[in-house]
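Dumped protein19.cif below, it's mmCIF, C-alpha atoms; chains and numbers go by the auth columns:
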data_structure
#
loop_
_atom_site.group_PDB
_atom_site.id
_atom_site.type_symbol
_atom_site.label_atom_id
_atom_site.label_comp_id
_atom_site.label_asym_id
_atom_site.label_seq_id
_atom_site.Cartn_x
_atom_site.Cartn_y
_atom_site.Cartn_z
_atom_site.B_iso_or_equiv
_atom_site.auth_seq_id
_atom_site.auth_asym_id
ATOM 1 C CA MET A 1 126.404 69.563 -29.031 0.00 1134 F
ATOM 2 C CA ALA A 2 122.748 69.974 -29.981 0.00 1135 F
ATOM 3 C CA THR A 3 121.644 69.273 -26.388 0.00 1136 F
ATOM 4 C CA ARG A 4 124.288 71.576 -24.916 0.00 1137 F
ATOM 5 C CA PHE A 5 123.085 74.692 -26.756 0.00 1138 F
ATOM 6 C CA PRO A 6 119.579 74.782 -25.216 0.00 1139 F
ATOM 7 C CA LEU A 7 121.095 74.122 -21.771 0.00 1140 F
ATOM 8 C CA LEU A 8 123.599 76.961 -22.212 0.00 1141 F
ATOM 9 C CA LEU A 9 120.876 79.284 -23.459 0.00 1142 F
ATOM 10 C CA LEU A 10 118.691 78.440 -20.460 0.00 1143 F
ATOM 11 C CA MET A 11 121.628 79.008 -18.089 0.00 1144 F
ATOM 12 C CA LEU A 12 122.424 82.351 -19.746 0.00 1145 F
ATOM 13 C CA LEU A 13 118.802 83.458 -19.440 0.00 1146 F
ATOM 14 C CA ALA A 14 118.755 82.473 -15.763 0.00 1147 F
ATOM 15 C CA LEU A 15 121.977 84.399 -15.064 0.00 1148 F
ATOM 16 C CA THR A 16 120.705 87.425 -16.994 0.00 1149 F
ATOM 17 C CA ALA A 17 117.438 87.368 -15.058 0.00 1150 F
ATOM 18 C CA CYS A 18 119.399 87.306 -11.803 0.00 1151 F
ATOM 19 C CA ALA A 19 121.517 90.234 -13.009 0.00 1152 F
ATOM 20 C CA GLN A 20 118.313 92.252 -13.553 0.00 1153 F
ATOM 21 C CA ALA A 21 116.895 91.446 -10.090 0.00 1154 F
ATOM 22 C CA PRO A 22 116.376 94.289 -7.633 0.00 1155 F
ATOM 23 C CA ALA A 23 119.120 95.051 -5.109 0.00 1156 F
ATOM 24 C CA THR A 24 117.293 93.272 -2.285 0.00 1157 F
ATOM 25 C CA GLY A 25 118.783 89.981 -1.160 0.00 1158 F
ATOM 26 C CA GLU A 26 122.296 90.874 -2.297 0.00 1159 F
ATOM 27 C CA ARG A 27 124.907 88.133 -2.271 0.00 1160 F
ATOM 28 C CA HIS A 28 128.589 88.882 -1.873 0.00 1161 F
ATOM 29 C CA TYR A 29 131.397 86.756 -3.255 0.00 1162 F
ATOM 30 C CA LEU A 30 135.060 86.353 -2.430 0.00 1163 F
ATOM 31 C CA LEU A 31 137.487 84.373 -4.592 0.00 1164 F
ATOM 32 C CA PRO A 32 138.535 81.272 -2.615 0.00 1165 F
ATOM 33 C CA ALA A 33 142.204 81.837 -3.488 0.00 1166 F
ATOM 34 C CA ALA A 34 141.967 85.406 -2.110 0.00 1167 F
ATOM 35 C CA ARG A 35 141.436 83.918 1.345 0.00 1168 F
ATOM 36 C CA LEU A 36 145.013 82.646 1.356 0.00 1169 F
ATOM 37 C CA ALA A 37 147.533 84.762 3.178 0.00 1170 F
ATOM 38 C CA ALA A 38 150.044 86.243 0.757 0.00 1171 F
ATOM 39 C CA GLN A 39 153.605 85.300 1.596 0.00 1172 F
ATOM 40 C CA GLN A 40 156.070 88.011 2.458 0.00 1173 F
ATOM 41 C CA GLN A 41 158.318 88.606 -0.502 0.00 1174 F
ATOM 42 C CA PRO A 42 160.208 91.441 -2.141 0.00 1175 F
ATOM 43 C CA LEU A 43 157.938 91.304 -5.212 0.00 1176 F
ATOM 44 C CA ASP A 44 156.397 94.627 -6.221 0.00 1177 F
ATOM 45 C CA LEU A 45 153.032 93.383 -7.540 0.00 1178 F
ATOM 46 C CA ARG A 46 150.513 95.693 -9.188 0.00 1179 F
ATOM 47 C CA ILE A 47 147.331 94.673 -10.919 0.00 1180 F
ATOM 48 C CA ARG A 48 145.137 96.834 -13.120 0.00 1181 F
ATOM 49 C CA VAL A 49 141.658 95.768 -14.125 0.00 1182 F
ATOM 50 C CA ALA A 50 139.692 97.041 -17.106 0.00 1183 F
ATOM 51 C CA GLY A 51 137.410 99.930 -16.196 0.00 1184 F
ATOM 52 C CA TYR A 52 134.222 97.891 -16.575 0.00 1185 F
ATOM 53 C CA LEU A 53 135.566 95.348 -14.068 0.00 1186 F
ATOM 54 C CA ASP A 54 136.465 98.006 -11.502 0.00 1187 F
ATOM 55 C CA GLN A 55 133.042 97.997 -9.821 0.00 1188 F
ATOM 56 C CA ALA A 56 131.154 95.873 -7.313 0.00 1189 F
ATOM 57 C CA GLY A 57 128.932 93.701 -9.551 0.00 1190 F
ATOM 58 C CA VAL A 58 129.984 90.355 -10.998 0.00 1191 F
ATOM 59 C CA VAL A 59 130.180 90.862 -14.784 0.00 1192 F
ATOM 60 C CA LEU A 60 128.435 88.744 -17.421 0.00 1193 F
ATOM 61 C CA GLU A 61 128.915 88.877 -21.169 0.00 1194 F
ATOM 62 C CA THR A 62 125.358 88.517 -22.493 0.00 1195 F
ATOM 63 C CA GLY A 63 126.165 88.932 -26.167 0.00 1196 F
ATOM 64 C CA PRO A 64 129.035 89.666 -28.561 0.00 1197 F
ATOM 65 C CA ALA A 65 129.082 93.347 -27.560 0.00 1198 F
ATOM 66 C CA THR A 66 126.957 93.377 -24.398 0.00 1199 F
ATOM 67 C CA LEU A 67 128.077 93.244 -20.775 0.00 1200 F
ATOM 68 C CA THR A 68 125.905 93.209 -17.683 0.00 1201 F
ATOM 69 C CA SER A 69 127.007 94.013 -14.152 0.00 1202 F
ATOM 70 C CA ALA A 70 124.934 92.081 -11.631 0.00 1203 F
ATOM 71 C CA ARG A 71 123.147 94.248 -9.097 0.00 1204 F
ATOM 72 C CA SER A 72 122.427 91.518 -6.557 0.00 1205 F
ATOM 73 C CA HIS A 73 125.613 89.466 -6.979 0.00 1206 F
ATOM 74 C CA ARG A 74 128.549 91.567 -5.893 0.00 1207 F
ATOM 75 C CA TRP A 75 132.179 91.228 -4.937 0.00 1208 F
ATOM 76 C CA ALA A 76 132.712 91.253 -1.165 0.00 1209 F
ATOM 77 C CA GLU A 77 135.713 93.542 -1.666 0.00 1210 F
ATOM 78 C CA PRO A 78 137.276 95.204 -4.727 0.00 1211 F
ATOM 79 C CA LEU A 79 138.167 92.625 -7.373 0.00 1212 F
ATOM 80 C CA LYS A 80 141.641 94.116 -7.881 0.00 1213 F
ATOM 81 C CA GLU A 81 142.544 93.503 -4.222 0.00 1214 F
ATOM 82 C CA GLN A 82 141.304 89.903 -4.365 0.00 1215 F
ATOM 83 C CA LEU A 83 143.291 89.224 -7.536 0.00 1216 F
ATOM 84 C CA GLU A 84 146.480 90.718 -6.050 0.00 1217 F
ATOM 85 C CA ARG A 85 146.226 88.732 -2.828 0.00 1218 F
ATOM 86 C CA ALA A 86 145.470 85.453 -4.617 0.00 1219 F
ATOM 87 C CA LEU A 87 148.306 85.937 -7.106 0.00 1220 F
ATOM 88 C CA ALA A 88 150.843 86.926 -4.445 0.00 1221 F
ATOM 89 C CA ALA A 89 149.977 83.820 -2.418 0.00 1222 F
ATOM 90 C CA ALA A 90 150.423 81.545 -5.442 0.00 1223 F
ATOM 91 C CA LEU A 91 153.763 82.877 -6.732 0.00 1224 F
ATOM 92 C CA PRO A 92 157.234 81.709 -5.730 0.00 1225 F
ATOM 93 C CA LYS A 93 159.373 84.121 -3.714 0.00 1226 F
ATOM 94 C CA THR A 94 160.710 86.517 -6.314 0.00 1227 F
ATOM 95 C CA ASP A 95 162.543 89.823 -6.298 0.00 1228 F
ATOM 96 C CA GLY A 96 161.352 92.245 -8.942 0.00 1229 F
ATOM 97 C CA ALA A 97 158.312 94.063 -10.292 0.00 1230 F
ATOM 98 C CA LEU A 98 155.273 92.279 -11.722 0.00 1231 F
ATOM 99 C CA ARG A 99 152.609 94.218 -13.592 0.00 1232 F
ATOM 100 C CA VAL A 100 149.383 92.466 -14.563 0.00 1233 F
ATOM 101 C CA THR A 101 146.535 93.919 -16.603 0.00 1234 F
ATOM 102 C CA VAL A 102 143.246 92.005 -16.458 0.00 1235 F
ATOM 103 C CA THR A 103 141.038 92.768 -19.460 0.00 1236 F
ATOM 104 C CA ARG A 104 138.384 90.091 -18.872 0.00 1237 F
ATOM 105 C CA PHE A 105 137.146 88.486 -15.670 0.00 1238 F
ATOM 106 C CA GLN A 106 133.574 87.471 -16.395 0.00 1239 F
ATOM 107 C CA GLY A 107 131.015 84.891 -17.323 0.00 1240 F
ATOM 108 C CA THR A 108 130.463 84.412 -21.047 0.00 1241 F
ATOM 109 C CA ALA A 109 127.326 83.952 -23.126 0.00 1242 F
ATOM 110 C CA ASP A 110 128.583 80.420 -23.887 0.00 1243 F
ATOM 111 C CA GLY A 111 128.427 79.391 -20.219 0.00 1244 F
ATOM 112 C CA ASP A 112 132.130 79.745 -19.413 0.00 1245 F
ATOM 113 C CA ALA A 113 134.199 81.766 -17.000 0.00 1246 F
ATOM 114 C CA ARG A 114 136.827 83.767 -18.877 0.00 1247 F
ATOM 115 C CA VAL A 115 139.967 85.474 -17.603 0.00 1248 F
ATOM 116 C CA SER A 116 142.187 87.391 -20.039 0.00 1249 F
ATOM 117 C CA GLY A 117 144.981 89.922 -19.920 0.00 1250 F
ATOM 118 C CA GLU A 118 148.730 90.308 -19.978 0.00 1251 F
ATOM 119 C CA TRP A 119 151.641 90.444 -17.564 0.00 1252 F
ATOM 120 C CA ARG A 120 155.189 91.773 -17.467 0.00 1253 F
ATOM 121 C CA PHE A 121 157.948 91.001 -14.972 0.00 1254 F
ATOM 122 C CA ARG A 122 161.252 92.737 -14.496 0.00 1255 F
ATOM 123 C CA GLY A 123 163.627 91.072 -12.071 0.00 1256 F
ATOM 124 C CA ALA A 124 165.889 92.949 -9.695 0.00 1257 F
ATOM 125 C CA ASP A 125 168.762 91.869 -11.960 0.00 1258 F
ATOM 126 C CA GLY A 126 167.068 93.325 -15.058 0.00 1259 F
ATOM 127 C CA GLY A 127 165.786 90.011 -16.456 0.00 1260 F
ATOM 128 C CA ARG A 128 162.453 90.357 -18.208 0.00 1261 F
ATOM 129 C CA VAL A 129 159.638 87.993 -19.061 0.00 1262 F
ATOM 130 C CA GLY A 130 155.941 88.340 -19.770 0.00 1263 F
ATOM 131 C CA GLY A 131 153.055 87.274 -21.896 0.00 1264 F
ATOM 132 C CA ALA A 132 149.339 87.237 -22.513 0.00 1265 F
ATOM 133 C CA PHE A 133 146.782 84.931 -20.941 0.00 1266 F
ATOM 134 C CA ASP A 134 143.282 83.844 -21.926 0.00 1267 F
ATOM 135 C CA LYS A 135 141.804 81.092 -19.753 0.00 1268 F
ATOM 136 C CA GLN A 136 138.313 79.649 -19.913 0.00 1269 F
ATOM 137 C CA GLN A 137 136.596 77.264 -17.528 0.00 1270 F
ATOM 138 C CA ALA A 138 133.246 75.680 -18.314 0.00 1271 F
ATOM 139 C CA LEU A 139 130.576 76.146 -15.660 0.00 1272 F
ATOM 140 C CA GLU A 140 129.530 72.784 -14.259 0.00 1273 F
ATOM 141 C CA ARG A 141 126.347 74.105 -12.644 0.00 1274 F
ATOM 142 C CA ASP A 142 124.111 77.165 -12.866 0.00 1275 F
ATOM 143 C CA GLY A 143 124.565 80.176 -10.667 0.00 1276 F
ATOM 144 C CA TYR A 144 126.882 82.939 -9.640 0.00 1277 F
ATOM 145 C CA GLU A 145 128.673 80.897 -6.986 0.00 1278 F
ATOM 146 C CA GLU A 146 129.718 78.419 -9.674 0.00 1279 F
ATOM 147 C CA LEU A 147 130.815 81.305 -11.892 0.00 1280 F
ATOM 148 C CA VAL A 148 132.972 82.720 -9.089 0.00 1281 F
ATOM 149 C CA LEU A 149 134.517 79.278 -8.428 0.00 1282 F
ATOM 150 C CA ARG A 150 135.362 78.857 -12.149 0.00 1283 F
ATOM 151 C CA LEU A 151 136.776 82.406 -12.353 0.00 1284 F
ATOM 152 C CA ASP A 152 138.946 81.577 -9.347 0.00 1285 F
ATOM 153 C CA ALA A 153 140.140 78.335 -10.983 0.00 1286 F
ATOM 154 C CA ALA A 154 141.003 80.203 -14.188 0.00 1287 F
ATOM 155 C CA TRP A 155 142.899 82.854 -12.189 0.00 1288 F
ATOM 156 C CA MET A 156 144.863 80.127 -10.418 0.00 1289 F
ATOM 157 C CA GLU A 157 145.762 78.683 -13.840 0.00 1290 F
ATOM 158 C CA VAL A 158 147.117 82.117 -14.763 0.00 1291 F
ATOM 159 C CA ALA A 159 149.028 82.274 -11.462 0.00 1292 F
ATOM 160 C CA GLY A 160 150.507 78.825 -12.117 0.00 1293 F
ATOM 161 C CA ASP A 161 151.643 79.829 -15.597 0.00 1294 F
ATOM 162 C CA ILE A 162 153.249 83.045 -14.319 0.00 1295 F
ATOM 163 C CA GLY A 163 154.852 81.199 -11.410 0.00 1296 F
ATOM 164 C CA ARG A 164 156.418 78.603 -13.733 0.00 1297 F
ATOM 165 C CA ARG A 165 157.816 81.329 -15.988 0.00 1298 F
ATOM 166 C CA LEU A 166 159.259 83.224 -13.005 0.00 1299 F
ATOM 167 C CA ALA A 167 160.792 80.021 -11.602 0.00 1300 F
ATOM 168 C CA ALA A 168 162.347 79.264 -15.010 0.00 1301 F
ATOM 169 C CA LEU A 169 163.803 82.780 -15.107 0.00 1302 F
ATOM 170 C CA GLU A 170 165.300 82.256 -11.624 0.00 1303 F
ATOM 171 C CA LYS A 171 166.822 78.901 -12.679 0.00 1304 F
ATOM 172 C CA ARG A 172 168.539 80.465 -15.683 0.00 1305 F
ATOM 173 C CA LYS A 173 170.348 83.029 -13.560 0.00 1306 F
ATOM 174 C CA PRO A 174 173.091 80.696 -12.210 0.00 1307 F
ATOM 175 C CA ALA A 175 173.789 79.326 -15.696 0.00 1308 F
ATOM 176 C CA GLU A 176 174.031 82.818 -17.151 0.00 1309 F
ATOM 177 C CA THR A 177 176.299 83.874 -14.293 0.00 1310 F
ATOM 178 C CA GLU A 178 178.578 80.873 -14.897 0.00 1311 F
ATOM 179 C CA LEU A 179 178.814 81.718 -18.601 0.00 1312 F
ATOM 180 C CA ASP A 180 179.571 85.334 -17.756 0.00 1313 F
ATOM 181 C CA ASP A 181 182.311 84.207 -15.333 0.00 1314 F
ATOM 182 C CA ARG A 182 183.894 81.942 -17.975 0.00 1315 F
ATOM 183 C CA ASP A 183 183.839 84.752 -20.496 0.00 1316 F
ATOM 184 C CA ASP A 184 185.718 86.954 -18.023 0.00 1317 F
ATOM 185 C CA ARG A 185 188.533 84.364 -17.742 0.00 1318 F
ATOM 186 C CA ASP A 186 189.450 84.544 -21.449 0.00 1319 F
#

Structure encoded using C-alpha coordinates:
Amino acid sequence: MATRFPLLLLMLLALTACAQAPATGERHYLLPAARLAAQQQPLDLRIRVAGYLDQAGVVLETGPATLTSARSHRWAEPLKEQLERALAAALPKTDGALRVTVTRFQGTADGDARVSGEWRFRGADGGRVGGAFDKQQALERDGYEELVLRLDAAWMEVAGDIGRRLAALEKRKPAETELDDRDDRD
(Lines of atoms letter the chains of each structure in order from A and count residues from 1; the text may use other names and numbers.)
(Lines give C-alpha, C1' and ligand atoms only; values in the text may rest on other atoms or scores of the structure.)
Protein backbone atom coordinates (compact mmCIF):
# COMPACT_ATOMS: atom_id res chain seq x y z
CA MET A 1 0.00 0.00 0.00
CA ALA A 2 2.80 2.40 0.90
CA THR A 3 4.43 1.92 -2.53
CA ARG A 4 1.12 2.27 -4.37
CA PHE A 5 0.35 5.76 -3.04
CA PRO A 6 3.42 7.48 -4.55
CA LEU A 7 2.78 5.67 -7.86
CA LEU A 8 -0.86 6.79 -7.89
CA LEU A 9 0.13 10.34 -7.01
CA LEU A 10 2.69 10.39 -9.82
CA MET A 11 0.11 9.01 -12.27
CA LEU A 12 -2.45 11.61 -11.17
CA LEU A 13 0.07 14.41 -11.63
CA ALA A 14 0.96 13.12 -15.10
CA LEU A 15 -2.72 12.95 -16.12
CA THR A 16 -3.39 16.41 -14.68
CA ALA A 17 -0.41 17.83 -16.57
CA CYS A 18 -1.75 16.32 -19.78
CA ALA A 19 -5.18 17.81 -19.07
CA GLN A 20 -3.56 21.27 -18.83
CA ALA A 21 -1.63 20.89 -22.12
CA PRO A 22 -2.45 23.22 -24.99
CA ALA A 23 -4.95 22.08 -27.62
CA THR A 24 -2.22 21.18 -30.11
CA GLY A 25 -1.67 17.49 -30.71
CA GLU A 26 -5.22 16.53 -29.75
CA ARG A 27 -6.01 12.85 -29.36
CA HIS A 28 -9.49 11.48 -29.90
CA TYR A 29 -10.89 8.39 -28.21
CA LEU A 30 -13.72 6.01 -28.99
CA LEU A 31 -14.94 3.35 -26.55
CA PRO A 32 -14.04 -0.06 -28.02
CA ALA A 33 -17.52 -1.41 -27.27
CA ALA A 34 -19.06 1.53 -29.20
CA ARG A 35 -17.52 0.10 -32.37
CA LEU A 36 -19.90 -2.85 -32.20
CA ALA A 37 -22.98 -2.65 -34.35
CA ALA A 38 -26.10 -2.42 -32.21
CA GLN A 39 -28.55 -5.20 -32.91
CA GLN A 40 -31.98 -4.34 -34.21
CA GLN A 41 -34.46 -4.64 -31.40
CA PRO A 42 -37.69 -3.05 -30.24
CA LEU A 43 -35.97 -1.56 -27.17
CA ASP A 44 -36.48 2.18 -26.70
CA LEU A 45 -33.09 3.08 -25.18
CA ARG A 46 -32.30 6.57 -23.90
CA ILE A 47 -29.23 7.62 -22.01
CA ARG A 48 -28.68 10.89 -20.16
CA VAL A 49 -25.27 11.96 -18.98
CA ALA A 50 -24.53 14.46 -16.23
CA GLY A 51 -24.01 17.97 -17.57
CA TYR A 52 -20.28 17.99 -16.85
CA LEU A 53 -19.87 14.82 -18.93
CA ASP A 54 -21.79 16.24 -21.89
CA GLN A 55 -18.73 17.82 -23.53
CA ALA A 56 -15.79 16.70 -25.65
CA GLY A 57 -12.98 16.35 -23.08
CA VAL A 58 -12.26 13.18 -21.13
CA VAL A 59 -13.02 14.00 -17.47
CA LEU A 60 -10.68 13.49 -14.52
CA GLU A 61 -11.49 13.84 -10.85
CA THR A 62 -8.40 15.59 -9.46
CA GLY A 63 -9.63 16.00 -5.90
CA PRO A 64 -12.66 15.41 -3.68
CA ALA A 65 -14.53 18.34 -5.25
CA THR A 66 -12.46 19.07 -8.36
CA LEU A 67 -13.01 17.89 -11.92
CA THR A 68 -10.88 18.61 -14.96
CA SER A 69 -11.91 18.23 -18.58
CA ALA A 70 -8.92 17.38 -20.75
CA ARG A 71 -8.31 19.80 -23.58
CA SER A 72 -6.05 17.56 -25.65
CA HIS A 73 -7.72 14.21 -24.93
CA ARG A 74 -11.21 14.28 -26.35
CA TRP A 75 -14.03 11.95 -27.27
CA ALA A 76 -14.16 11.20 -31.00
CA GLU A 77 -17.95 11.60 -30.89
CA PRO A 78 -20.41 12.57 -28.14
CA LEU A 79 -20.06 10.28 -25.12
CA LYS A 80 -23.83 9.76 -24.88
CA GLU A 81 -23.95 8.29 -28.40
CA GLN A 82 -21.04 5.95 -27.68
CA LEU A 83 -22.65 4.74 -24.45
CA GLU A 84 -26.01 4.12 -26.18
CA ARG A 85 -24.47 2.16 -29.04
CA ALA A 86 -22.28 0.04 -26.75
CA LEU A 87 -25.16 -0.72 -24.39
CA ALA A 88 -27.59 -1.58 -27.19
CA ALA A 89 -25.06 -4.00 -28.69
CA ALA A 90 -24.52 -5.74 -25.35
CA LEU A 91 -28.17 -6.22 -24.31
CA PRO A 92 -30.42 -9.16 -25.13
CA LYS A 93 -33.31 -8.54 -27.52
CA THR A 94 -35.93 -6.89 -25.34
CA ASP A 95 -39.20 -5.09 -25.90
CA GLY A 96 -39.69 -2.08 -23.66
CA ALA A 97 -38.17 1.23 -22.60
CA LEU A 98 -34.79 1.53 -20.89
CA ARG A 99 -33.71 4.81 -19.33
CA VAL A 100 -30.14 5.17 -18.07
CA THR A 101 -28.66 8.16 -16.27
CA VAL A 102 -24.86 8.27 -16.09
CA THR A 103 -23.65 10.47 -13.23
CA ARG A 104 -19.95 9.55 -13.37
CA PHE A 105 -17.78 8.44 -16.27
CA GLN A 106 -14.28 9.57 -15.37
CA GLY A 107 -10.85 8.88 -14.03
CA THR A 108 -10.47 9.26 -10.27
CA ALA A 109 -7.75 10.81 -8.12
CA ASP A 110 -7.04 7.28 -6.82
CA GLY A 111 -6.05 6.02 -10.28
CA ASP A 112 -9.30 4.25 -11.15
CA ALA A 113 -11.90 4.54 -13.87
CA ARG A 114 -15.34 5.07 -12.35
CA VAL A 115 -18.78 4.68 -13.90
CA SER A 116 -21.88 5.43 -11.81
CA GLY A 117 -25.56 6.06 -12.35
CA GLU A 118 -28.95 4.41 -12.38
CA TRP A 119 -31.28 2.67 -14.80
CA ARG A 120 -34.97 1.90 -15.13
CA PHE A 121 -36.69 -0.53 -17.49
CA ARG A 122 -40.36 -0.88 -18.26
CA GLY A 123 -41.29 -3.85 -20.40
CA ALA A 124 -43.97 -3.79 -23.06
CA ASP A 125 -46.05 -5.91 -20.67
CA GLY A 126 -45.65 -3.39 -17.84
CA GLY A 127 -42.96 -5.31 -15.92
CA ARG A 128 -40.47 -3.03 -14.22
CA VAL A 129 -36.92 -3.41 -12.99
CA GLY A 130 -34.03 -1.07 -12.32
CA GLY A 131 -31.21 -0.16 -10.03
CA ALA A 132 -28.09 1.85 -9.39
CA PHE A 133 -24.58 1.06 -10.56
CA ASP A 134 -21.13 2.13 -9.39
CA LYS A 135 -18.25 0.31 -11.09
CA GLN A 136 -14.55 0.97 -10.68
CA GLN A 137 -11.64 -0.44 -12.65
CA ALA A 138 -8.04 0.11 -11.60
CA LEU A 139 -5.78 1.56 -14.27
CA GLU A 140 -3.01 -0.89 -15.12
CA ARG A 141 -0.85 1.69 -16.90
CA ASP A 142 -0.57 5.46 -17.15
CA GLY A 143 -2.32 7.46 -19.80
CA TYR A 144 -5.64 8.42 -21.27
CA GLU A 145 -5.86 5.41 -23.58
CA GLU A 146 -5.70 3.13 -20.54
CA LEU A 147 -8.33 5.27 -18.82
CA VAL A 148 -10.65 4.94 -21.82
CA LEU A 149 -10.11 1.15 -21.94
CA ARG A 150 -10.94 0.84 -18.20
CA LEU A 151 -14.00 3.10 -18.57
CA ASP A 152 -15.15 0.86 -21.42
CA ALA A 153 -14.62 -2.27 -19.30
CA ALA A 154 -16.61 -0.74 -16.44
CA TRP A 155 -19.42 0.22 -18.85
CA MET A 156 -19.51 -3.34 -20.18
CA GLU A 157 -19.83 -4.58 -16.57
CA VAL A 158 -22.85 -2.29 -16.22
CA ALA A 159 -24.26 -3.60 -19.51
CA GLY A 160 -23.78 -7.19 -18.33
CA ASP A 161 -25.57 -6.49 -15.06
CA ILE A 162 -28.50 -4.81 -16.84
CA GLY A 163 -28.64 -7.59 -19.43
CA ARG A 164 -28.82 -10.29 -16.73
CA ARG A 165 -31.63 -8.44 -14.95
CA LEU A 166 -33.58 -8.01 -18.21
CA ALA A 167 -33.08 -11.69 -19.09
CA ALA A 168 -34.31 -12.70 -15.62
CA LEU A 169 -37.39 -10.50 -16.09
CA GLU A 170 -38.08 -12.19 -19.46
CA LYS A 171 -37.72 -15.67 -17.89
CA ARG A 172 -40.26 -14.87 -15.18
CA LYS A 173 -42.94 -13.96 -17.70
CA PRO A 174 -43.93 -17.54 -18.68
CA ALA A 175 -44.12 -18.60 -15.02
CA GLU A 176 -46.28 -15.61 -14.14
CA THR A 177 -48.50 -16.30 -17.15
CA GLU A 178 -48.92 -19.94 -16.09
CA LEU A 179 -49.89 -18.87 -12.57
CA ASP A 180 -52.34 -16.34 -13.98
CA ASP A 181 -53.87 -19.06 -16.21
CA ARG A 182 -54.27 -21.44 -13.26
CA ASP A 183 -55.91 -18.73 -11.21
CA ASP A 184 -58.43 -18.20 -14.02
CA ARG A 185 -59.45 -21.89 -13.90
CA ASP A 186 -60.65 -21.74 -10.28

**Prompt:** Could you pull the residues within 9 Å of segment 1175-1187 of chain F, counting only C-alpha atoms, minus those fewer than 6 positions along the same chain, as a ChimeraX atom specification?
**Reply:** /F:1200,1202,1211-1214,1216-1217,1220-1221,1226-1239,1250,1252,1256

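Taking atom CA of Val1281 of chain F and atom CA of Leu1164 of chain F as the two end points, the separation is 6.6 Å.
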
**Prompt:** Got a sec to resolve the PyMOL selection byres ((chain F and resi 1248) around 10) on this structure and send the residues as a count of residues only?
**Reply:** 24

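Against the coordinates shown, the PyMOL selection byres ((chain F and resi 1296-1300) around 8) returns Ala1223, Leu1224, Pro1225, Thr1227, Val1262, Ala1292, Gly1293, Asp1294, Ile1295, Ala1301, Leu1302, Glu1303 and Lys1304 of chain F.
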
Evaluate the PyMOL selection byres ((chain F and resi 1273) around 12) and report residues as a CSV table (one decimal) with C-alpha atoms, in the coordinates of the input:
chain,number,residue,atom,x,y,z
F,1137,ARG,CA,124.3,71.6,-24.9
F,1140,LEU,CA,121.1,74.1,-21.8
F,1141,LEU,CA,123.6,77.0,-22.2
F,1144,MET,CA,121.6,79.0,-18.1
F,1244,GLY,CA,128.4,79.4,-20.2
F,1245,ASP,CA,132.1,79.7,-19.4
F,1246,ALA,CA,134.2,81.8,-17.0
F,1270,GLN,CA,136.6,77.3,-17.5
F,1271,ALA,CA,133.2,75.7,-18.3
F,1272,LEU,CA,130.6,76.1,-15.7
F,1274,ARG,CA,126.3,74.1,-12.6
F,1275,ASP,CA,124.1,77.2,-12.9
F,1276,GLY,CA,124.6,80.2,-10.7
F,1277,TYR,CA,126.9,82.9,-9.6
F,1278,GLU,CA,128.7,80.9,-7.0
F,1279,GLU,CA,129.7,78.4,-9.7
F,1280,LEU,CA,130.8,81.3,-11.9
F,1281,VAL,CA,133.0,82.7,-9.1
F,1282,LEU,CA,134.5,79.3,-8.4
F,1283,ARG,CA,135.4,78.9,-12.1

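The coordinates place atom CA of Ala1257 of chain F at 14.1 Å from atom CA of Arg1305 of chain F.
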
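When atom CA of Gly1190 of chain F is paired with atom CA of Gln1215 of chain F, their separation reads 13.9 Å.
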
For segment 1277-1293 of chain F, take all atoms listed in the file, fit an axis-aligned box around them, add 3 Å to each of the six sides, then output centre and edge lengths in Å rounded to one decimal, as lines of an AutoDock Vina configuration file.
center_x = 138.7
center_y = 80.6
center_z = -10.9
size_x = 29.6
size_y = 10.6
size_z = 13.8
